[in-house]
Amino acid sequence: MVLFGMAYAVASLGCAIGPFLAIVVSSLRAGSIIEGVALFVSFAAGMGLVVGVTAVAVALLRVSAVARLRRAAAFVPRIGGAVLIVAGAYVAYYGWYELRLVQDRRTSGQDPVVELAAAVQRGLSGLVGRLGAGWFGLVLAGLVLTALLLSRRRRASVGS
């Protein structure tokens, strides 16, 4: 569980900061409060689906796989720290970009760092859009079914 927590913290910060900032901005620009709340609920449902798939996949790992991954745990704090620094620097830079936009709207869409982040976000969003939420749901259902079957098999072998 500690390994899952560390992996989730690193992955979610690095992957979710761009889409989360986009949702915040989009919800502020939404036509109504209901549309803004719907954006946040959709984001939460999508993140919940990803976390659910990840949690079930981690629960299915065998002890030997976890033991092998413990050796990598020595690097996780450093990697996590680097991700936090990069994400924090981007958030600070994006705030500075927004302040520059307030002063001069002509600079909108001309910042290479923000444009790169937006391009990555569009690419990932397009990929998820092409795959659809159904695939993520199927993966989660498959992992849950596998967990149930393994649980039954273990109970049957212990009871014998």
# chains A, B, ... in the order shown; residues from 1 in each chain; ligands from 1
$ residues_around --residues "A:Ala57" --least-positions-apart "2" --cutoff "10 Å" --atoms "only C-alpha atoms" --output "PyMOL selection string"
chain A and resi 4+51-55+59-61+139-140+142-144+146-147
$ residues_around --residues "stretch 132-138 of chain A" --least-positions-apart "5" --cutoff "8 Å" --atoms "only C-alpha atoms" --output "VMD selection string"
chain A and resid 46 49 to 50 53
$ atom_distance --atom1 "atom CA of A:Leu145" --atom2 "atom CA of A:Ala45"
20.8 Å
$ atom_distance --atom1 "atom CA of A:Pro77" --atom2 "atom CA of A:Met47"
23.1 Å
$ closest_residue --among "A:Leu131, A:Val120, A:Leu148, A:Ala82" --to "A:Gly18" --atoms "only C-alpha atoms"
A:Val120
$ closest_residue --among "A:Ala156, A:Ala141, A:Leu101, A:Ala87" --to "A:Leu21" --atoms "only C-alpha atoms"
A:Ala87
$ closest_residue --among "A:Leu28, A:Val58, A:Ile23, A:Ala117" --to "A:Phe43" --atoms "only C-alpha atoms"
A:Ile23
$ residues_around --residues "stretch 109-116 of chain A" --least-positions-apart "2" --cutoff "8 Å" --atoms "only C-alpha atoms" --output "JSON, numbers by chain"
{"A": [94, 97, 107, 118, 119, 120]}
$ atom_distance --atom1 "atom CA of A:Ile34" --atom2 "atom CA of A:Gly48"
20.5 Å
$ closest_residue --among "A:Ala73, A:Ala22, A:Ala38, A:Ala89" --to "A:Gln121" --atoms "only C-alpha atoms"
A:Ala22
